[in-house]
2 protein chains.
Amino acid sequence: MVNDDPRVSPEARTRVKDAIDALGYRPNIAARSLLLGRTRTIGLLTVGSTAYGPASLTLATERAVSNTGYGFRLANTVDVDIDSVENGLSLLLDQGVDAVIVNEPTSTFRHRRHGLAIPVLSLSEPLDLSDVELVVGSDEAGGVKEAVEHLLGLGHATVHHIAGPQEWPSSKRRREAWKAALEAAGRDVPDSIEGDWSAASGYEAGLEFAKRPEVTAVFAANDHMAIGLMRSLQRAGRRVPEDISIVGFDDVPEAAFLSRALTTVHQDLAVAAVRGVELLMEVLDGGREGGTIERVPTRLVVRETTQAPVASS
Amino acid sequence: MVNDDPRVSPEARTRVKDAIDALGYRPNIAARSLLLGRTRTIGLLTVGSTAYGPASLTLATERAVSNTGYGFRLANTVDVDIDSVENGLSLLLDQGVDAVIVNEPTSTFRHRRHGLAIPVLSLSEPLDLSDVELVVGSDEAGGVKEAVEHLLGLGHATVHHIAGPQEWPSSKRRREAWKAALEAAGRDVPDSIEGDWSAASGYEAGLEFAKRPEVTAVFAANDHMAIGLMRSLQRAGRRVPEDISIVGFDDVPEAAFLSRALTTVHQDLAVAAVRGVELLMEVLDGGREGGTIERVPTRLVVRETTQAPVASS
DNA sequence: CTGTTAGCGCCTTCAC
DNA sequence: GTGAAGGCGCTAACAG
């Protein structure tokens, strides 16, 4: 009866429900899990989640999972090195989850080789596609391509780049896409500078770029680095966008409200989370085999930090 | 033996541990929970967590909880209304948690009256202290007082305010503290404008303030609203800080890298999370009764958005 | 159709 | 010192 037996009359159901509420009775989830062999809980392993991307993805994933009626467990790792990730994964597994979601698929494969029996959803494309069975991620490559082509279309000879930490698949992928777009247009591929996602690291990179007069356009792998970059450029007397154009990535909610509204690649993490969880449910219900990969479109939002280069000398 | 029986020799322990690893054996958490009547899991109920404060607090809490060996469940609510919160709480309770942590103690009391038997930690001061037994929060009032006094000390006649949504205890508290500081100095308390934490709402508020020449100093209840505010002030031709001084609250990592580095109240949410979890553990271990309230210091970080008002007319 | 029972995997207790 | 057994709360299967 408690489990929605259809034979029970609506009135009786209501009365019993009231009684349940009045007594504060809650079925013991542990007993149910023990019997069923499933916990009806999904675990998320986030890497480096103080950054905007991971943080908002975490929240979006919680929403998506809760909406399915599953419980939600969270393990968070600041470092992306393999041991930290394995650790976080162990934590989740020890707590009992029916499936695992990862935001950065750095090294789930090791576990899979050791026989991780539960489904894994990655919300970012792994470098090696065979590592994970289910992938739903932003079309980062598409967004980056659009950003570089926008800058090139404006007349810039080439585009410089502040990359994220290269241990992150996302950073690698954005960097690769930047490089590919430049090469496709037959342009020079300058060295990129590696930051750590923070505004402070963008600031540092800007100190370097400001010294080099040939730099007229920079693509930063996320908005916060772009913010730091703008600050140091401005301090060095290089105006944005008159002297240097800047494009970010993420479209953080403040991007449109900076004193120069930031041109950036918008990604919709919530859509990815919802779709990913949807697919995961199908796998858990036995209706899907895995081996699926889907990309959620991104789009360039042009605001005030990009313009055609001024004719020099 | 598996549970660290002291009688077992170290060598035997190592051998067994190896075997456990090799086989990939994990004790069934559900069975243990069923037997023990405890889940060794703590649930966090976050309200409105896309904002910087709640989001970073969530991550900090996860870290603190995981470090104690407890599992971590998350329920997230975008709205602060009583039903949403009750709902989130139910979700957590149904999933089985030994304790609940809330970031904004909007309405746990209703559950307590109905006999919520587990300890509750609030990471923000409830308006009614009797609602929650354990409270560790930032000293928001202290930070706000410092901010207002800083502005007054600079020579501003009074300080205007963009408040957060008034359903949030934090917003209420910051607003109260702003008002109290003004009154203590014998100044006028102007009407405040209510935003929703977003840069967009700060922008809207700025449109209003820009029209009023008597406004020379504004305290925004968080940094993102301050960012939006700066943008609309600038567009309206009011310079920051020459015409209008601004102070924010949070000290988001980008604050120091805006084109005008933001003067703001720094709060250390991670410290609050760690301390709160520490106290919670004592309660769970039976060594503490509750009824504790602790405040983590905040401090004003003076940067570039505040200065003495220029002599007018 | 309704009531009873077995057993999920663990840890503690008690018997040996 | 070691080993066996009981029972946590639930649901599915089965008996009445």
# chains A, B, ... in the order shown; residues from 1 in each chain; ligands from 1
call {"tool": "closest_atom_pairs", "arguments": {"of": "chain D", "to": "chain A", "cutoff": "12 Å", "atoms": "only C-alpha atoms (C1' of nucleotides)", "output": "tab-separated table"}}
result
residue	atom	partner	partner_atom	distance
D:DC8	C1'	A:Ala31	CA	8.0
D:DG9	C1'	A:Ala31	CA	5.1
D:DC10	C1'	A:Ala31	CA	5.1
D:DT11	C1'	A:Leu35	CA	7.3
D:DA12	C1'	A:Leu35	CA	9.7
call {"tool": "closest_atom_pairs", "arguments": {"of": "chain B", "to": "chain A", "cutoff": "8 Å", "atoms": "only C-alpha atoms", "output": "JSON lines"}}
result
{"residue": "B:Gly24", "atom": "CA", "partner": "A:His114", "partner_atom": "CA", "distance": 7.7}
{"residue": "B:Arg26", "atom": "CA", "partner": "A:Asp94", "partner_atom": "CA", "distance": 6.4}
{"residue": "B:Pro27", "atom": "CA", "partner": "A:Asp94", "partner_atom": "CA", "distance": 7.5}
{"residue": "B:Asn28", "atom": "CA", "partner": "A:Gly96", "partner_atom": "CA", "distance": 7.5}
{"residue": "B:Ile29", "atom": "CA", "partner": "A:Gln95", "partner_atom": "CA", "distance": 6.2}
{"residue": "B:Ala30", "atom": "CA", "partner": "A:Ala30", "partner_atom": "CA", "distance": 4.7}
{"residue": "B:Ala31", "atom": "CA", "partner": "A:Leu34", "partner_atom": "CA", "distance": 5.6}
{"residue": "B:Ser33", "atom": "CA", "partner": "A:Ala30", "partner_atom": "CA", "distance": 5.9}
{"residue": "B:Leu34", "atom": "CA", "partner": "A:Ala30", "partner_atom": "CA", "distance": 5.2}
{"residue": "B:Thr39", "atom": "CA", "partner": "A:Ala30", "partner_atom": "CA", "distance": 7.8}
{"residue": "B:Ser49", "atom": "CA", "partner": "A:Leu59", "partner_atom": "CA", "distance": 7.2}
{"residue": "B:Thr50", "atom": "CA", "partner": "A:Ser56", "partner_atom": "CA", "distance": 6.6}
{"residue": "B:Ala55", "atom": "CA", "partner": "A:Ala55", "partner_atom": "CA", "distance": 6.7}
{"residue": "B:Ser56", "atom": "CA", "partner": "A:Thr50", "partner_atom": "CA", "distance": 6.7}
{"residue": "B:Leu59", "atom": "CA", "partner": "A:Ser49", "partner_atom": "CA", "distance": 7.2}
{"residue": "B:Glu62", "atom": "CA", "partner": "A:Asn76", "partner_atom": "CA", "distance": 7.0}
{"residue": "B:Arg63", "atom": "CA", "partner": "A:Asn76", "partner_atom": "CA", "distance": 6.9}
{"residue": "B:Ser66", "atom": "CA", "partner": "A:Ala75", "partner_atom": "CA", "distance": 7.6}
{"residue": "B:Gly71", "atom": "CA", "partner": "A:Gln95", "partner_atom": "CA", "distance": 6.4}
{"residue": "B:Phe72", "atom": "CA", "partner": "A:Arg73", "partner_atom": "CA", "distance": 5.7}
{"residue": "B:Arg73", "atom": "CA", "partner": "A:Arg73", "partner_atom": "CA", "distance": 4.5}
{"residue": "B:Leu74", "atom": "CA", "partner": "A:Phe72", "partner_atom": "CA", "distance": 5.9}
{"residue": "B:Ala75", "atom": "CA", "partner": "A:Glu62", "partner_atom": "CA", "distance": 7.0}
{"residue": "B:Asn76", "atom": "CA", "partner": "A:Arg63", "partner_atom": "CA", "distance": 6.9}
{"residue": "B:Leu91", "atom": "CA", "partner": "A:Gly71", "partner_atom": "CA", "distance": 7.8}
{"residue": "B:Leu92", "atom": "CA", "partner": "A:Gly71", "partner_atom": "CA", "distance": 8.0}
{"residue": "B:Asp94", "atom": "CA", "partner": "A:Arg26", "partner_atom": "CA", "distance": 6.4}
{"residue": "B:Gln95", "atom": "CA", "partner": "A:Ile29", "partner_atom": "CA", "distance": 6.2}
{"residue": "B:Gly96", "atom": "CA", "partner": "A:Ile29", "partner_atom": "CA", "distance": 6.3}
{"residue": "B:His114", "atom": "CA", "partner": "A:Gly24", "partner_atom": "CA", "distance": 7.4}
{"residue": "B:Gly115", "atom": "CA", "partner": "A:Gly24", "partner_atom": "CA", "distance": 7.7}
{"residue": "B:Ser198", "atom": "CA", "partner": "A:Pro253", "partner_atom": "CA", "distance": 7.7}
{"residue": "B:Ala199", "atom": "CA", "partner": "A:Glu254", "partner_atom": "CA", "distance": 5.7}
{"residue": "B:Ala200", "atom": "CA", "partner": "A:Phe257", "partner_atom": "CA", "distance": 7.4}
{"residue": "B:Tyr203", "atom": "CA", "partner": "A:Phe257", "partner_atom": "CA", "distance": 7.7}
{"residue": "B:His224", "atom": "CA", "partner": "A:Glu254", "partner_atom": "CA", "distance": 6.8}
{"residue": "B:Ile227", "atom": "CA", "partner": "A:Phe257", "partner_atom": "CA", "distance": 6.5}
{"residue": "B:Gly228", "atom": "CA", "partner": "A:Phe257", "partner_atom": "CA", "distance": 5.3}
{"residue": "B:Met230", "atom": "CA", "partner": "A:Ser259", "partner_atom": "CA", "distance": 7.4}
{"residue": "B:Arg231", "atom": "CA", "partner": "A:Ser259", "partner_atom": "CA", "distance": 5.4}
{"residue": "B:Gln234", "atom": "CA", "partner": "A:Ser259", "partner_atom": "CA", "distance": 7.6}
{"residue": "B:Pro253", "atom": "CA", "partner": "A:Ala199", "partner_atom": "CA", "distance": 7.1}
{"residue": "B:Glu254", "atom": "CA", "partner": "A:Ala199", "partner_atom": "CA", "distance": 5.7}
{"residue": "B:Phe257", "atom": "CA", "partner": "A:Gly228", "partner_atom": "CA", "distance": 5.2}
{"residue": "B:Leu258", "atom": "CA", "partner": "A:Arg231", "partner_atom": "CA", "distance": 6.3}
{"residue": "B:Ser259", "atom": "CA", "partner": "A:Arg231", "partner_atom": "CA", "distance": 5.4}
call {"tool": "select_by_dssp", "arguments": {"residues": "region 116-179 of chain A", "states": "strand (DSSP E)", "output": "list in words"}}
result
Val120, Leu121, Ser122, Leu134, Val135, Val136, Gly137, Ser138, His160, His161, Ile162 and Ala163 of chain A
call {"tool": "write_last_selection", "arguments": {"atoms": "N, CA and C atoms", "output": "mmCIF file, in the first residue's frame"}}
result
data_model
loop_
_atom_site.group_PDB
_atom_site.id
_atom_site.type_symbol
_atom_site.label_atom_id
_atom_site.label_comp_id
_atom_site.auth_asym_id
_atom_site.auth_seq_id
_atom_site.Cartn_x
_atom_site.Cartn_y
_atom_site.Cartn_z
ATOM 1 N N VAL A 120 28.829 5.046 -16.009
ATOM 2 C CA VAL A 120 29.523 6.313 -15.802
ATOM 3 C C VAL A 120 29.094 7.301 -16.882
ATOM 4 N N LEU A 121 28.699 8.469 -16.444
ATOM 5 C CA LEU A 121 28.372 9.544 -17.377
ATOM 6 C C LEU A 121 29.423 10.621 -17.244
ATOM 7 N N SER A 122 29.958 11.059 -18.358
ATOM 8 C CA SER A 122 30.902 12.166 -18.308
ATOM 9 C C SER A 122 30.257 13.407 -18.911
ATOM 10 N N LEU A 134 29.192 7.008 -21.618
ATOM 11 C CA LEU A 134 28.145 7.983 -21.863
ATOM 12 C C LEU A 134 28.763 9.368 -21.757
ATOM 13 N N VAL A 135 28.629 10.159 -22.788
ATOM 14 C CA VAL A 135 29.227 11.484 -22.767
ATOM 15 C C VAL A 135 28.234 12.525 -23.269
ATOM 16 N N VAL A 136 27.995 13.536 -22.464
ATOM 17 C CA VAL A 136 27.223 14.678 -22.927
ATOM 18 C C VAL A 136 28.000 15.915 -22.513
ATOM 19 N N GLY A 137 28.508 16.640 -23.473
ATOM 20 C CA GLY A 137 29.312 17.806 -23.117
ATOM 21 C C GLY A 137 29.030 18.979 -24.029
ATOM 22 N N SER A 138 29.468 20.159 -23.605
ATOM 23 C CA SER A 138 29.361 21.336 -24.457
ATOM 24 C C SER A 138 30.188 21.136 -25.715
ATOM 25 N N HIS A 160 46.183 35.125 -30.039
ATOM 26 C CA HIS A 160 46.957 34.502 -28.955
ATOM 27 C C HIS A 160 46.006 33.807 -27.993
ATOM 28 N N HIS A 161 46.591 33.020 -27.084
ATOM 29 C CA HIS A 161 45.729 32.185 -26.247
ATOM 30 C C HIS A 161 46.262 32.041 -24.825
ATOM 31 N N ILE A 162 45.352 32.219 -23.862
ATOM 32 C CA ILE A 162 45.660 31.829 -22.479
ATOM 33 C C ILE A 162 44.903 30.539 -22.231
ATOM 34 N N ALA A 163 45.641 29.478 -22.049
ATOM 35 C CA ALA A 163 45.015 28.175 -21.871
ATOM 36 C C ALA A 163 44.744 27.906 -20.397
#
call {"tool": "calpha_fit_and_write", "arguments": {"fixed": "chain A", "moving": "chain B", "output": "compact mmCIF listing (two decimals) with C-alpha atoms, in the first residue's frame"}}
result
# COMPACT_ATOMS: atom_id res chain seq x y z
CA MET B 1 0.26 -0.25 -0.07
CA VAL B 2 2.82 2.31 0.77
CA ASN B 3 4.43 1.68 -2.56
CA ASP B 4 1.53 2.78 -4.68
CA ASP B 5 -0.30 -0.47 -5.03
CA PRO B 6 -2.96 0.23 -7.66
CA ARG B 7 -5.52 -1.85 -5.83
CA VAL B 8 -5.94 0.61 -3.01
CA SER B 9 -8.74 3.09 -3.19
CA PRO B 10 -7.87 6.78 -3.43
CA GLU B 11 -9.62 7.61 -0.17
CA ALA B 12 -7.82 4.95 1.77
CA ARG B 13 -4.59 6.12 0.24
CA THR B 14 -5.20 9.67 1.38
CA ARG B 15 -6.05 8.59 4.89
CA VAL B 16 -2.97 6.48 5.21
CA LYS B 17 -0.82 9.24 3.76
CA ASP B 18 -2.19 11.64 6.35
CA ALA B 19 -1.41 9.21 9.10
CA ILE B 20 2.10 8.84 7.75
CA ASP B 21 2.57 12.58 7.78
CA ALA B 22 1.13 12.94 11.24
CA LEU B 23 3.44 10.35 12.67
CA GLY B 24 6.45 11.63 10.79
CA TYR B 25 7.11 8.16 9.47
CA ARG B 26 9.83 7.72 6.87
CA PRO B 27 10.67 4.40 5.30
CA ASN B 28 14.16 3.28 6.19
CA ILE B 29 16.22 3.84 3.11
CA ALA B 30 19.01 1.57 4.26
CA ALA B 31 16.76 -1.44 4.59
CA ARG B 32 15.29 -0.80 1.18
CA SER B 33 18.71 -0.42 -0.38
CA LEU B 34 19.91 -3.59 1.25
CA LEU B 35 17.01 -5.58 -0.09
CA LEU B 36 16.96 -4.06 -3.54
CA GLY B 37 20.69 -3.95 -4.04
CA ARG B 38 20.33 -0.43 -5.34
CA THR B 39 20.66 2.82 -3.45
CA ARG B 40 18.70 5.07 -5.78
CA THR B 41 21.52 7.53 -5.39
CA ILE B 42 23.81 9.05 -7.95
CA GLY B 43 27.23 10.40 -7.13
CA LEU B 44 28.96 13.33 -8.75
CA LEU B 45 32.71 13.56 -8.77
CA THR B 46 33.74 17.15 -9.40
CA VAL B 47 37.22 18.26 -10.10
CA GLY B 48 38.52 21.67 -9.09
CA SER B 49 35.13 23.02 -8.43
CA THR B 50 35.87 26.49 -7.20
CA ALA B 51 36.05 27.55 -10.83
CA TYR B 52 32.80 28.85 -12.27
CA GLY B 53 32.28 26.02 -14.75
CA PRO B 54 32.54 23.09 -12.34
CA ALA B 55 30.64 24.92 -9.61
CA SER B 56 27.65 25.77 -11.74
CA LEU B 57 27.71 22.33 -13.31
CA THR B 58 27.58 20.80 -9.84
CA LEU B 59 24.48 22.73 -8.95
CA ALA B 60 22.84 22.03 -12.28
CA THR B 61 23.55 18.33 -11.89
CA GLU B 62 22.07 18.28 -8.42
CA ARG B 63 18.88 19.78 -9.79
CA ALA B 64 18.70 17.31 -12.64
CA VAL B 65 19.31 14.32 -10.40
CA SER B 66 16.92 15.41 -7.66
CA ASN B 67 14.20 15.87 -10.23
CA THR B 68 14.41 12.19 -11.09
CA GLY B 69 13.80 11.20 -7.48
CA TYR B 70 17.32 9.91 -7.05
CA GLY B 71 19.45 11.01 -4.13
CA PHE B 72 22.60 12.96 -4.81
CA ARG B 73 26.03 12.46 -3.33
CA LEU B 74 28.94 14.76 -3.96
CA ALA B 75 32.67 14.23 -3.88
CA ASN B 76 34.92 17.07 -4.78
CA THR B 77 38.58 17.12 -5.65
CA VAL B 78 40.68 20.20 -6.02
CA ASP B 79 43.45 18.50 -7.94
CA VAL B 80 43.02 16.66 -11.18
CA ASP B 81 45.90 14.25 -10.66
CA ILE B 82 45.01 10.62 -11.00
CA ASP B 83 45.29 9.76 -7.31
CA SER B 84 42.99 12.52 -6.15
CA VAL B 85 40.42 11.49 -8.67
CA GLU B 86 40.69 7.81 -7.79
CA ASN B 87 40.29 8.80 -4.20
CA GLY B 88 37.17 10.78 -4.81
CA LEU B 89 35.76 7.97 -6.84
CA SER B 90 36.44 5.50 -4.04
CA LEU B 91 34.70 7.76 -1.61
CA LEU B 92 31.62 7.77 -3.76
CA LEU B 93 31.72 4.05 -4.39
CA ASP B 94 32.11 3.30 -0.69
CA GLN B 95 29.07 5.36 0.06
CA GLY B 96 27.02 3.34 -2.35
CA VAL B 97 25.85 4.91 -5.58
CA ASP B 98 24.05 3.41 -8.55
CA ALA B 99 25.92 5.53 -11.06
CA VAL B 100 28.71 8.05 -11.19
CA ILE B 101 28.83 11.37 -13.00
CA VAL B 102 32.16 13.10 -13.59
CA ASN B 103 32.71 16.64 -14.77
CA GLU B 104 36.24 16.07 -16.02
CA PRO B 105 36.92 12.51 -17.10
CA THR B 106 40.57 12.52 -16.18
CA SER B 107 40.98 8.93 -15.15
CA THR B 108 37.91 6.88 -14.66
CA PHE B 109 39.37 4.34 -17.00
CA ARG B 110 41.67 2.88 -14.40
CA HIS B 111 38.68 1.96 -12.34
CA ARG B 112 36.87 0.59 -15.30
CA ARG B 113 39.72 -1.76 -16.02
CA HIS B 114 39.45 -2.91 -12.44
CA GLY B 115 35.82 -3.54 -13.10
CA LEU B 116 33.76 -0.54 -12.10
CA ALA B 117 30.41 -2.16 -12.58
CA ILE B 118 28.15 0.86 -12.55
CA PRO B 119 27.36 3.27 -15.38
CA VAL B 120 29.45 6.39 -15.74
CA LEU B 121 28.32 9.64 -17.31
CA SER B 122 30.84 12.24 -18.25
CA LEU B 123 29.75 15.84 -18.64
CA SER B 124 32.83 16.67 -20.64
CA GLU B 125 34.42 14.81 -23.50
CA PRO B 126 37.25 12.55 -22.45
CA LEU B 127 40.37 12.69 -24.57
CA ASP B 128 40.02 8.98 -25.14
CA LEU B 129 36.43 8.24 -25.99
CA SER B 130 36.69 4.62 -24.97
CA ASP B 131 37.07 5.63 -21.32
CA VAL B 132 33.47 6.44 -20.65
CA GLU B 133 30.29 5.05 -22.03
CA LEU B 134 28.04 8.07 -21.79
CA VAL B 135 29.14 11.57 -22.69
CA VAL B 136 27.14 14.78 -22.85
CA GLY B 137 29.24 17.89 -23.04
CA SER B 138 29.30 21.41 -24.37
CA ASP B 139 30.45 21.74 -27.93
CA GLU B 140 33.60 23.50 -26.82
CA ALA B 141 35.39 23.00 -30.10
CA GLY B 142 32.53 24.63 -31.98
CA GLY B 143 32.49 27.64 -29.69
CA VAL B 144 36.23 28.12 -29.85
CA LYS B 145 36.20 27.87 -33.63
CA GLU B 146 33.54 30.54 -33.77
CA ALA B 147 35.54 32.78 -31.47
CA VAL B 148 38.76 32.47 -33.45
CA GLU B 149 36.98 32.98 -36.75
CA HIS B 150 35.25 36.06 -35.35
CA LEU B 151 38.61 37.57 -34.46
CA LEU B 152 40.20 36.61 -37.76
CA GLY B 153 37.18 37.97 -39.62
CA LEU B 154 37.69 41.28 -37.87
CA GLY B 155 41.11 41.43 -39.53
CA HIS B 156 43.49 40.19 -36.84
CA ALA B 157 46.56 38.44 -38.24
CA THR B 158 46.42 35.75 -35.62
CA VAL B 159 44.98 35.06 -32.16
CA HIS B 160 46.94 34.46 -28.99
CA HIS B 161 45.71 32.12 -26.29
CA ILE B 162 45.67 31.79 -22.51
CA ALA B 163 45.00 28.13 -21.89
CA GLY B 164 43.71 26.44 -18.77
CA PRO B 165 45.78 23.84 -16.91
CA GLN B 166 46.68 21.18 -19.43
CA GLU B 167 45.80 18.30 -17.15
CA TRP B 168 42.19 19.23 -17.73
CA PRO B 169 40.66 17.66 -20.81
CA SER B 170 38.60 20.84 -21.29
CA SER B 171 41.72 22.96 -21.43
CA LYS B 172 43.36 20.63 -23.87
CA ARG B 173 40.29 20.57 -26.05
CA ARG B 174 39.92 24.34 -26.12
CA ARG B 175 43.57 24.72 -26.94
CA GLU B 176 43.38 22.14 -29.71
CA ALA B 177 40.35 23.83 -31.18
CA TRP B 178 42.06 27.22 -31.13
CA LYS B 179 45.09 25.75 -32.87
CA ALA B 180 42.98 23.94 -35.44
CA ALA B 181 41.01 27.06 -36.30
CA LEU B 182 44.19 29.03 -36.79
CA GLU B 183 45.73 26.34 -38.96
CA ALA B 184 42.58 25.99 -41.02
CA ALA B 185 42.89 29.69 -41.84
CA GLY B 186 46.57 29.28 -42.65
CA ARG B 187 47.72 31.51 -39.79
CA ASP B 188 50.66 31.34 -37.48
CA VAL B 189 50.02 29.44 -34.27
CA PRO B 190 51.82 31.39 -31.55
CA ASP B 191 52.82 29.82 -28.24
CA SER B 192 50.02 29.83 -25.71
CA ILE B 193 50.41 30.76 -22.07
CA GLU B 194 49.06 28.36 -19.49
CA GLY B 195 46.98 29.76 -16.64
CA ASP B 196 45.08 28.07 -13.83
CA TRP B 197 41.57 29.41 -14.55
CA SER B 198 41.96 32.23 -12.03
CA ALA B 199 41.81 35.96 -12.73
CA ALA B 200 45.22 36.20 -11.10
CA SER B 201 46.74 33.88 -13.69
CA GLY B 202 45.07 35.85 -16.48
CA TYR B 203 46.64 38.95 -15.03
CA GLU B 204 50.07 37.33 -15.15
CA ALA B 205 49.60 36.27 -18.74
CA GLY B 206 48.58 39.80 -19.62
CA LEU B 207 51.85 41.16 -18.28
CA GLU B 208 53.56 39.01 -20.88
CA PHE B 209 51.26 39.85 -23.77
CA ALA B 210 51.44 43.57 -23.04
CA LYS B 211 55.14 43.53 -23.85
CA ARG B 212 54.59 42.15 -27.30
CA PRO B 213 53.27 44.71 -29.78
CA GLU B 214 52.29 42.04 -32.30
CA VAL B 215 49.58 40.78 -29.98
CA THR B 216 46.26 42.24 -31.10
CA ALA B 217 43.80 39.51 -30.16
CA VAL B 218 43.65 37.04 -27.29
CA PHE B 219 41.31 34.15 -26.64
CA ALA B 220 41.20 33.20 -22.96
CA ALA B 221 40.03 29.70 -22.02
CA ASN B 222 37.62 31.12 -19.46
CA ASP B 223 36.08 34.45 -18.47
CA HIS B 224 37.88 34.86 -15.19
CA MET B 225 41.27 34.71 -16.86
CA ALA B 226 39.95 37.18 -19.41
CA ILE B 227 39.03 39.54 -16.57
CA GLY B 228 42.53 39.39 -15.11
CA LEU B 229 43.96 39.83 -18.57
CA MET B 230 41.99 43.01 -19.18
CA ARG B 231 43.20 44.44 -15.95
CA SER B 232 46.89 43.96 -16.65
CA LEU B 233 46.57 45.10 -20.24
CA GLN B 234 44.89 48.27 -19.07
CA ARG B 235 47.59 48.89 -16.47
CA ALA B 236 50.23 48.45 -19.14
CA GLY B 237 48.54 51.10 -21.22
CA ARG B 238 47.08 48.74 -23.81
CA ARG B 239 43.44 49.54 -24.42
CA VAL B 240 40.72 46.91 -24.86
CA PRO B 241 39.43 46.59 -27.51
CA GLU B 242 41.21 49.40 -29.36
CA ASP B 243 44.68 47.90 -29.02
CA ILE B 244 43.83 44.33 -28.12
CA SER B 245 40.64 42.37 -28.62
CA ILE B 246 39.64 39.75 -26.07
CA VAL B 247 37.29 36.79 -26.12
CA GLY B 248 36.51 34.67 -23.07
CA PHE B 249 34.74 31.38 -22.51
CA ASP B 250 31.83 30.53 -20.16
CA ASP B 251 29.71 33.66 -20.27
CA VAL B 252 29.60 34.12 -16.52
CA PRO B 253 26.58 36.15 -15.42
CA GLU B 254 28.72 39.24 -14.77
CA ALA B 255 30.37 39.17 -18.21
CA ALA B 256 27.85 41.59 -19.68
CA PHE B 257 28.31 44.02 -16.79
CA LEU B 258 32.05 44.52 -16.75
CA SER B 259 33.15 48.02 -17.60
CA ARG B 260 33.96 46.59 -20.99
CA ALA B 261 31.27 43.97 -21.53
CA LEU B 262 33.08 40.78 -22.40
CA THR B 263 32.74 39.04 -25.73
CA THR B 264 32.67 35.37 -24.83
CA VAL B 265 31.55 31.86 -25.73
CA HIS B 266 28.32 31.00 -23.99
CA GLN B 267 27.83 27.42 -22.85
CA ASP B 268 24.69 26.05 -21.31
CA LEU B 269 25.83 23.67 -18.63
CA ALA B 270 22.36 23.17 -17.22
CA VAL B 271 21.16 21.74 -20.51
CA ALA B 272 24.07 19.32 -20.59
CA ALA B 273 23.36 18.21 -17.02
CA VAL B 274 19.69 17.61 -17.68
CA ARG B 275 20.29 15.73 -20.90
CA GLY B 276 23.09 13.70 -19.38
CA VAL B 277 20.99 12.62 -16.44
CA GLU B 278 18.17 11.73 -18.80
CA LEU B 279 20.44 9.36 -20.71
CA LEU B 280 21.82 7.97 -17.49
CA MET B 281 18.32 7.13 -16.34
CA GLU B 282 17.73 5.19 -19.52
CA VAL B 283 20.85 3.18 -18.88
CA LEU B 284 19.83 2.53 -15.28
CA ASP B 285 16.40 1.44 -16.40
CA GLY B 286 18.01 -0.97 -18.80
CA GLY B 287 16.73 0.69 -21.95
CA ARG B 288 20.05 1.87 -23.29
CA GLU B 289 23.41 0.35 -23.86
CA GLY B 290 25.82 3.25 -23.51
CA GLY B 291 28.33 4.28 -26.11
CA THR B 292 26.43 7.52 -26.60
CA ILE B 293 28.00 10.90 -27.09
CA GLU B 294 26.07 14.14 -27.43
CA ARG B 295 27.22 17.71 -27.72
CA VAL B 296 25.26 20.71 -26.51
CA PRO B 297 25.67 23.74 -28.77
CA THR B 298 27.64 26.76 -27.60
CA ARG B 299 27.50 30.19 -29.15
CA LEU B 300 29.66 33.25 -29.36
CA VAL B 301 28.19 36.33 -27.69
CA VAL B 302 29.76 39.42 -29.21
CA ARG B 303 29.90 42.34 -26.82
CA GLU B 304 32.41 45.14 -26.38
CA THR B 305 35.87 43.61 -26.13
CA THR B 306 36.44 42.80 -29.78
CA GLN B 307 36.92 45.06 -32.76
CA ALA B 308 39.00 45.32 -35.92
CA PRO B 309 42.66 46.03 -35.27
CA VAL B 310 43.68 49.63 -35.87
CA ALA B 311 46.08 50.01 -38.76
CA SER B 312 49.51 50.04 -37.16
CA SER B 313 52.52 52.14 -38.09
call {"tool": "select_by_dssp", "arguments": {"residues": "region 59-305 of chain B", "states": "alpha helix (DSSP H)", "output": "JSON, numbers by chain"}}
result
{"B": [59, 60, 61, 62, 63, 64, 65, 66, 67, 82, 83, 84, 85, 86, 87, 88, 89, 90, 91, 92, 93, 94, 95, 108, 109, 110, 111, 112, 113, 140, 141, 142, 143, 144, 145, 146, 147, 148, 149, 150, 151, 152, 153, 169, 170, 171, 172, 173, 174, 175, 176, 177, 178, 179, 180, 181, 182, 183, 184, 199, 200, 201, 202, 203, 204, 205, 206, 207, 208, 209, 210, 211, 223, 224, 225, 226, 227, 228, 229, 230, 231, 232, 233, 234, 235, 269, 270, 271, 272, 273, 274, 275, 276, 277, 278, 279, 280, 281, 282, 283, 284]}
call {"tool": "residues_around", "arguments": {"residues": "DA4 (chain D)", "least_positions_apart": "3", "cutoff": "10 Å", "atoms": "only C-alpha atoms (C1' of nucleotides)", "output": "number ranges by chain"}}
result
C: 14-16
call {"tool": "residues_around", "arguments": {"residues": "DC14 (chain D)", "least_positions_apart": "2", "cutoff": "10 Å", "atoms": "only C-alpha atoms (C1' of nucleotides)", "output": "VMD selection string"}}
result
(chain C and resid 4 to 5) or (chain D and resid 12 16)
call {"tool": "interface_residues", "arguments": {"of": "chain C", "to": "chain B", "cutoff": "9 Å", "atoms": "only C-alpha atoms (C1' of nucleotides)", "output": "ChimeraX atom specification"}}
result
/C:8-11
